[in-house]
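> Sending over a structure as structure tokens; questions will come in a sec.
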4 protein chains.
Amino acid sequence: MGSFPGHALPGSFFLFWGLWWGMKSSLWHLTRRNKSTGSTRLPSRAAQRRLEIIESSAIVFCSTVGILVEQFAANGPKLQLYDVSENHWKDLMNWQHSTMYLLFGLAGAVSLIVHTTAAAPLPLDRLMLCVAFFNEGFLFLYHLHGRAMLDVMVHQLLLYAIFGQALIAFLEVFHRGNVILELMRSALTILQGSWFWQIGFVLYPPRGPQWDLKDHSNVMFVVMCFSWHLMFALLFTGLVYSIVSCVVRVRLKRTPPMEMGLLAKPRERDPESEDEAF
Amino acid sequence: MGSFPGHALPGSFFLFWGLWWGMKSSLWHLTRRNKSTGSTRLPSRAAQRRLEIIESSAIVFCSTVGILVEQFAANGPKLQLYDVSENHWKDLMNWQHSTMYLLFGLAGAVSLIVHTTAAAPLPLDRLMLCVAFFNEGFLFLYHLHGRAMLDVMVHQLLLYAIFGQALIAFLEVFHRGNVILELMRSALTILQGSWFWQIGFVLYPPRGPQWDLKDHSNVMFVVMCFSWHLMFALLFTGLVYSIVSCVVRVRLKRTPPMEMGLLAKPRERDPESEDEAF
Amino acid sequence: MGSFPGHALPGSFFLFWGLWWGMKSSLWHLTRRNKSTGSTRLPSRAAQRRLEIIESSAIVFCSTVGILVEQFAANGPKLQLYDVSENHWKDLMNWQHSTMYLLFGLAGAVSLIVHTTAAAPLPLDRLMLCVAFFNEGFLFLYHLHGRAMLDVMVHQLLLYAIFGQALIAFLEVFHRGNVILELMRSALTILQGSWFWQIGFVLYPPRGPQWDLKDHSNVMFVVMCFSWHLMFALLFTGLVYSIVSCVVRVRLKRTPPMEMGLLAKPRERDPESEDEAF
Amino acid sequence: MGSFPGHALPGSFFLFWGLWWGMKSSLWHLTRRNKSTGSTRLPSRAAQRRLEIIESSAIVFCSTVGILVEQFAANGPKLQLYDVSENHWKDLMNWQHSTMYLLFGLAGAVSLIVHTTAAAPLPLDRLMLCVAFFNEGFLFLYHLHGRAMLDVMVHQLLLYAIFGQALIAFLEVFHRGNVILELMRSALTILQGSWFWQIGFVLYPPRGPQWDLKDHSNVMFVVMCFSWHLMFALLFTGLVYSIVSCVVRVRLKRTPPMEMGLLAKPRERDPESEDEAF
């Protein structure tokens with residue numbers, strides 16, 4: 001899928017999930033913080049659980065769509081792995097992308113099992129997310145053989161976001177419900193999404209001249225550009241948190257904010273907040 | 001042992017141990033979870049201890065067999081390290097494999113001491129396992145000098161599984177009894193086992209044509225194939241957990257499952273479950 | 001800014017901040033330790049909060065100054081990124097430095113929000129500091145293409161200090177208020193500052209002969225010199241801690257030191273002291 | 001100091017310290033474990049403190065001796081850093097070794113301050129040990145430019161032990177008094193010491209023929225040999241622990257061992273034992 005839409009599609013997926021996770025994490029964190037005050041106005045545990053189930057189903061759905069697009073789009077391999085007549089592998093690129101989607105689908109399915117039944121241990125959903133991100137980064141790492149300098153670089157930068165997500169998800173296995181980690185994961189997902197769009201614009205500019213893939217100053221610009229995307233992702237996550245915070249405050253209006261702040265103190269300062277425990 | 005059976009043998013060993021560890025971890029976890037209900041129907045602490053002793057003995061036995069095979073098989077060095085007449089090292093490959101088995105044997109022996117006497121600190125068995133896996137990866141790392149591209153790659157991929165196991169075992173020193181880590185270790189062991197088989201099929205195909213060891217598209221396929229093995233290992237571990245879970249449930253049938261779920265809640269949510277403490 | 005002042009300026013900034021953090025950490029640690037005794041003589045929580053706000057504002061101010069200097073100094077890009085007429089990027093070096101300052105400014109702004117309002121989770125200030133340091137190291141990492149050996153080396157050594165700071169700041173997200181980590185961060189900041197000065201003296205000696213940038217023995221000296229800077233930074237941080245300790249002791253004179261020592265014991269031994277909790 | 005004694009001397013130092021730390025850690029661990037029973041027969045806290053002071057003084061002494069030998073031995077630089085007449089650095093190798101000793105001396109001095117006064121936070125001694133080991137590894141890392149393959153390899157293998165020690169010492173800052181980590185540090189110190197001796201025998205064989213420094217099979221042997229040293233170090237540490245254990249048991253003979261075992265259970269199983277807390 002070496003094309004502009006081939007990068008814009010996963011980019012949009014990740015932007016959406018980053019936004020979603022940012023909203024969810026902020027909402028749960030603020031709900032926990034204000035539990036003692038008007039908890040009747042905030043989503044209940046049952047609602048939280050329902051949301052998790054919807055989220056997991058959506059991840060499974062997106063992954064299935066991704067796999068089908070990769071396999072059956074115009075020049076896809078159509079589930080055929082080896083071309084016996086011509087004696088070579090068929091469209092390995094598409095197969096690799098399918099594999100990435102497959103592991104995200106598996107992570108979604110495991111999350112679904114974890115949240116619908118009491119059979120599996122709870123942190124398993126984060127572990128599978130970690131494995132899915134690690135697998136994505138792992139495949140990208142061996143993906144870049146023999147490409148032009150700038151092409152290699154933009155994909156290498158992507159790896160920072162991907163392995164960062166894997167690391168954060170792994171830490172969440174041990175520090176579940178830590179809002180700092182959840183917001184960081186959200187920000188890195190947004191970073192990955194926006195960087196996919198950037199890759200599309202750099203390698204396949206929809207209009208305007210092509211970039212010189214061998215010019216070192218382009219590499220230097222691209223590195224700096226990644227920093228800007230990181231900053232944008234952090235600011236955007238902060239914005240999402242603020243908006244959710246305002247919405248929660250409005251719903252709690254009847255409790256005087258002064259008192260709420262005092263009540264919330266001992267909880268919010270806790271660096272390792274406990275699990276969502278629904 | 002550059003041959004198909006030379007890879008199938010350790011592969012089978014690791015597949016067996018992965019399966020065993022998956023079963024054991026699942027059983028202990030579910031036993032702890034349901035301790036409050038019919039604990040008389042579940043294995044007691046003495047039984048757990050006996051099992052650990054049997055396991056350690058079996059590891060020592062397997063390692064000894066491995067060393068003997070490496071040393072005294074057809075073209076082994078027969079415990080001779082340096083050939084003085086011809087002035088070169090004898091069969092360093094076999095010696096390296098023997099060293100790997102030796103450290104696993106040591107890990108088994110330490111585990112035996114830890115579980116039979118009260119002399120040594122308990123987490124020592126995991127530390128020795130960590131050292132044994134690290135040592136295996138370390139030797140493989142310096143093992144690959146001057147081989148063909150695909151040969152190097154399949155062994156490098158193996159290192160992900162091996163160093164992953166070492167890392168997980170090291171984390172278990174501090175988070176002992178965490179079921180997530182134990183299942184992950186089980187899955188990585190299965191991954192290592194199945195990948196050994198895959199290496200055998202790639203480098204020494206028992207029938208059919210040889211693989212082209214210098215073709216880059218073969219490397220790309222092999223990388224993706226490793227992802228599939230990872231997924232298979234995770235699914236297989238999940239299957240083992242489910243089967244053990246069903247068996248435990250059947251043995252606890254007299255306690256109504258509804259109530260059991262409620263009782264289990266506060267325990268199962270604990271991300272860092274306490275030690276086995278037998 | 002490839003010049004002596006261009007390295008001395010950030011060097012001075014970092015030396016100042018290292019000194020400041022060392023003083024602050026020592027003071028808060030000793031205040032917490034002696035809380036039970038004459039706490040009326042030590043800074044109150046409100047004073048602590050005020051200090052944090054002043055610090056954050058100063059960081060924002062310094063970053064703004066840094067950006068303005070980089071952009072509007074003699075040969076700066078004056079906020080112009082791409083020179084359309086000549087078809088190349090304008091002064092990418094200055095833009096990269098501006099980006100580094102920008103993320104430090106963002107970290108300061110977030111810290112300001114965290115300490116003035118109760119809206120954001122407390123550990124966010126350390127996470128943003130971690131991101132700012134990581135971003136600085138990340139940009140330096142891709143900054144060194146095609147330079148002379150010694151030039152590359154002195155900047156690579158800088159990365160040890162920078163990534164070390166990022167790591168310590170990340171650990172502080174989870175172990176907030178741990179005086180060991182805070183003093184280490186202070187020492188690494190001093191190291192970074194003094195090393196910036198050293199880079200200035202090596203690459204742009206204000207007087208005396210130029211260094212031979214390709215001589216390997218110069219590289220060996222520079223590596224050892226970095227060790228000496230590290231030692232100097234550690235000793236200096238220790239000195240700061242001792243002086244603050246003496247000052248606190250003088251202010252607490254009325255409590256007999258003997259008794260104070262006894263009271264302090266159980267607290268001071270605590271490896272993970274609790275948060276500042278003002 | 002490229003000579004056999006130049007490697008045997010630090011080797012002996014590290015062997016001694018590894019043995020010492022192994023004995024000390026075992027003794028303190030077993031003392032804590034048996035605290036409830038005849039504690040009058042075991043070393044008191046005051047004795048522990050005195051021992052720490054003696055140890056720190058000895059480290060300072062050894063480092064001073066090391067520096068003096070490096071500086072004033074036959075062909076040392078005699079504290080002269082730059083030879084102005086010939087315009088080159090003087091004996092940088094000796095200066096680098098002096099720097100290594102210097103930071104160990106500093107670690108000893110800090111440990112002395114930590115254990116004689118109540119001024120500094122306790123975990124500082126481990127942090128300084130971590131810095132000293134890190135510094136040693138760091139200097140070795142940039143020490144190997146332009147040497148023969150086997151020479152580079154034997155020093156690279158040394159880095160595994162050194163950075164391993166730095167990592168363990170850093171973990172001890174957070175998990176102080178964990179016997180597993182302390183024994184591991186002891187084992188890695190013994191490994192470093194015995195490997196120094198091995199380097200001496202490989203590079204400067206006191207008798208017999210020279211090794212071929214470019215033969216790949218020698219590299220393969222050396223890698224395996226490092227595994228054997230690791231195993232020897234682990235076994236030796238285990239032996240030390242057993243002997244100390246026997247001595248403690250003999251001194252506690254009047255308490256029936258059966259009962260002692262029962263009393264010790266709840267303590268010994270604790271993976272993160274508390275601080276020495278004297």
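If you're wondering about the labels, chains in the structure tokens are A, B, ... by order shown, residues count from 1 in each chain, ligands from 1 in order shown.
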Which residues in range 55-104 of chain B does DSSP call helix (DSSP H, G or I)? List them as a ChimeraX atom specification.
/B:55-72,92-104
> Store the residues picked out above in a file with N, CA and C atoms, as a compact mmCIF listing (two decimals), in the first residue's frame.

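Output saved as result-v6.txt:
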# COMPACT_ATOMS: atom_id res chain seq x y z
N GLU B 55 9.22 -31.11 38.94
CA GLU B 55 9.58 -30.27 37.79
C GLU B 55 11.08 -30.01 37.77
N SER B 56 11.63 -29.62 38.93
CA SER B 56 13.06 -29.29 38.98
C SER B 56 13.90 -30.51 38.60
N SER B 57 13.51 -31.66 39.13
CA SER B 57 14.26 -32.88 38.82
C SER B 57 14.21 -33.15 37.32
N ALA B 58 13.03 -32.95 36.73
CA ALA B 58 12.90 -33.21 35.30
C ALA B 58 13.79 -32.27 34.49
N ILE B 59 13.88 -31.00 34.93
CA ILE B 59 14.75 -30.05 34.21
C ILE B 59 16.20 -30.52 34.30
N VAL B 60 16.62 -30.92 35.49
CA VAL B 60 17.99 -31.43 35.64
C VAL B 60 18.21 -32.64 34.73
N PHE B 61 17.23 -33.54 34.68
CA PHE B 61 17.34 -34.74 33.86
C PHE B 61 17.47 -34.37 32.38
N CYS B 62 16.56 -33.48 31.90
CA CYS B 62 16.59 -33.09 30.48
C CYS B 62 17.94 -32.46 30.13
N SER B 63 18.45 -31.60 31.02
CA SER B 63 19.72 -30.94 30.73
C SER B 63 20.84 -31.96 30.63
N THR B 64 20.83 -32.93 31.53
CA THR B 64 21.87 -33.95 31.49
C THR B 64 21.80 -34.73 30.18
N VAL B 65 20.59 -35.11 29.78
CA VAL B 65 20.43 -35.80 28.50
C VAL B 65 20.97 -34.94 27.37
N GLY B 66 20.60 -33.66 27.38
CA GLY B 66 21.06 -32.74 26.33
C GLY B 66 22.57 -32.70 26.26
N ILE B 67 23.22 -32.57 27.41
CA ILE B 67 24.69 -32.51 27.43
C ILE B 67 25.29 -33.79 26.89
N LEU B 68 24.74 -34.93 27.34
CA LEU B 68 25.30 -36.21 26.89
C LEU B 68 25.15 -36.36 25.38
N VAL B 69 23.96 -36.01 24.86
CA VAL B 69 23.76 -36.11 23.41
C VAL B 69 24.76 -35.25 22.67
N GLU B 70 24.93 -33.98 23.13
CA GLU B 70 25.85 -33.07 22.45
C GLU B 70 27.28 -33.60 22.50
N GLN B 71 27.67 -34.20 23.62
CA GLN B 71 29.06 -34.60 23.78
C GLN B 71 29.36 -35.93 23.10
N PHE B 72 28.42 -36.90 23.21
CA PHE B 72 28.76 -38.25 22.78
C PHE B 72 28.02 -38.72 21.54
N LEU B 92 33.51 -26.58 18.78
CA LEU B 92 33.07 -25.53 19.71
C LEU B 92 31.56 -25.40 19.75
N MET B 93 30.91 -25.65 18.61
CA MET B 93 29.45 -25.57 18.54
C MET B 93 28.81 -26.49 19.59
N ASN B 94 29.28 -27.75 19.61
CA ASN B 94 28.72 -28.69 20.58
C ASN B 94 29.03 -28.26 22.01
N TRP B 95 30.22 -27.71 22.22
CA TRP B 95 30.56 -27.24 23.56
C TRP B 95 29.66 -26.09 23.99
N GLN B 96 29.37 -25.19 23.03
CA GLN B 96 28.47 -24.08 23.37
C GLN B 96 27.09 -24.59 23.74
N HIS B 97 26.57 -25.56 22.94
CA HIS B 97 25.25 -26.11 23.27
C HIS B 97 25.28 -26.78 24.63
N SER B 98 26.39 -27.52 24.92
CA SER B 98 26.50 -28.16 26.23
C SER B 98 26.45 -27.12 27.35
N THR B 99 27.12 -25.97 27.11
CA THR B 99 27.13 -24.91 28.12
C THR B 99 25.73 -24.39 28.38
N MET B 100 24.97 -24.23 27.29
CA MET B 100 23.58 -23.80 27.46
C MET B 100 22.81 -24.78 28.35
N TYR B 101 22.91 -26.08 28.00
CA TYR B 101 22.19 -27.09 28.80
C TYR B 101 22.67 -27.07 30.24
N LEU B 102 24.01 -26.85 30.41
CA LEU B 102 24.58 -26.88 31.75
C LEU B 102 23.93 -25.83 32.65
N LEU B 103 23.73 -24.62 32.11
CA LEU B 103 23.15 -23.57 32.95
C LEU B 103 21.69 -23.82 33.25
N PHE B 104 20.97 -24.44 32.28
CA PHE B 104 19.59 -24.84 32.59
C PHE B 104 19.60 -25.91 33.69
> Please provide the set of residues having any atom within 6 Å of range 179-196 of chain D, restricted to only C-alpha atoms, with same-chain residues fewer than 2 positions apart removed, written as a PDB file with C-alpha atoms, in the first residue's frame.

ATOM      1  CA  HIS D   7      45.066  -7.285  34.892  1.00  0.00           C
ATOM      2  CA  GLY D  11      41.144  -8.964  39.228  1.00  0.00           C
ATOM      3  CA  PHE D  14      37.319  -7.544  42.610  1.00  0.00           C
ATOM      4  CA  LEU D  15      37.572 -11.195  43.665  1.00  0.00           C
ATOM      5  CA  GLY D  18      32.918 -10.098  45.611  1.00  0.00           C
ATOM      6  CA  TRP D  21      30.010  -8.722  49.772  1.00  0.00           C
ATOM      7  CA  GLY D  22      28.783 -12.304  49.445  1.00  0.00           C
ATOM      8  CA  ALA D 161      29.684  -7.883  34.184  1.00  0.00           C
ATOM      9  CA  GLN D 165      26.759  -4.552  38.469  1.00  0.00           C
ATOM     10  CA  GLY D 177      18.318  -5.059  51.536  1.00  0.00           C
ATOM     11  CA  GLN D 198      41.325 -14.591  32.304  1.00  0.00           C
ATOM     12  CA  ILE D 199      42.061 -11.492  30.200  1.00  0.00           C
ATOM     13  CA  LEU D 230      29.572 -16.763  35.146  1.00  0.00           C
ATOM     14  CA  ALA D 233      30.845 -17.093  40.068  1.00  0.00           C
ATOM     15  CA  LEU D 234      27.254 -18.145  40.775  1.00  0.00           C
ATOM     16  CA  THR D 237      28.500 -17.210  45.729  1.00  0.00           C
TER      17      THR D 237
END
> Could you give me, as CSV, a per-residue list for chain D showing, wherever an atom lies at most 7 Å from an atom of chain C, the closest pair of atoms and their distance in Å to one decimal, using only C-alpha atoms and sorting by chain then residue number from low to high?

residue,atom,partner,partner_atom,distance
D:Leu92,CA,C:Phe221,CA,6.8
D:Gln96,CA,C:Met224,CA,6.1
D:Pro121,CA,C:Glu268,CA,6.5
D:Leu122,CA,C:Arg269,CA,6.2
D:Pro123,CA,C:Pro271,CA,6.7
D:Leu124,CA,C:Ile180,CA,6.7
D:Asn135,CA,C:Ser227,CA,6.8
D:Leu139,CA,C:Met224,CA,6.9
D:Phe174,CA,C:Pro271,CA,6.6
> Mind giving me the straight-line distance from CA of Ala109 in chain D to CA of Leu129 in chain D in Å, one decimal?
10.7 Å
> Provide the CA of Phe133 in chain B to CA of Ala169 in chain B distance in Å, to one decimal place.
8.7 Å
> Could you tell me, as a ChimeraX atom specification, which residues of range 22-263 of chain B DSSP assigns to strand (DSSP E) when given the backbone?
/B:82-83,88-89
> So how far away is CA of Ile54 in chain D from CA of Ala119 in chain B, in Å?
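Those two atoms sit 28.7 Å apart.
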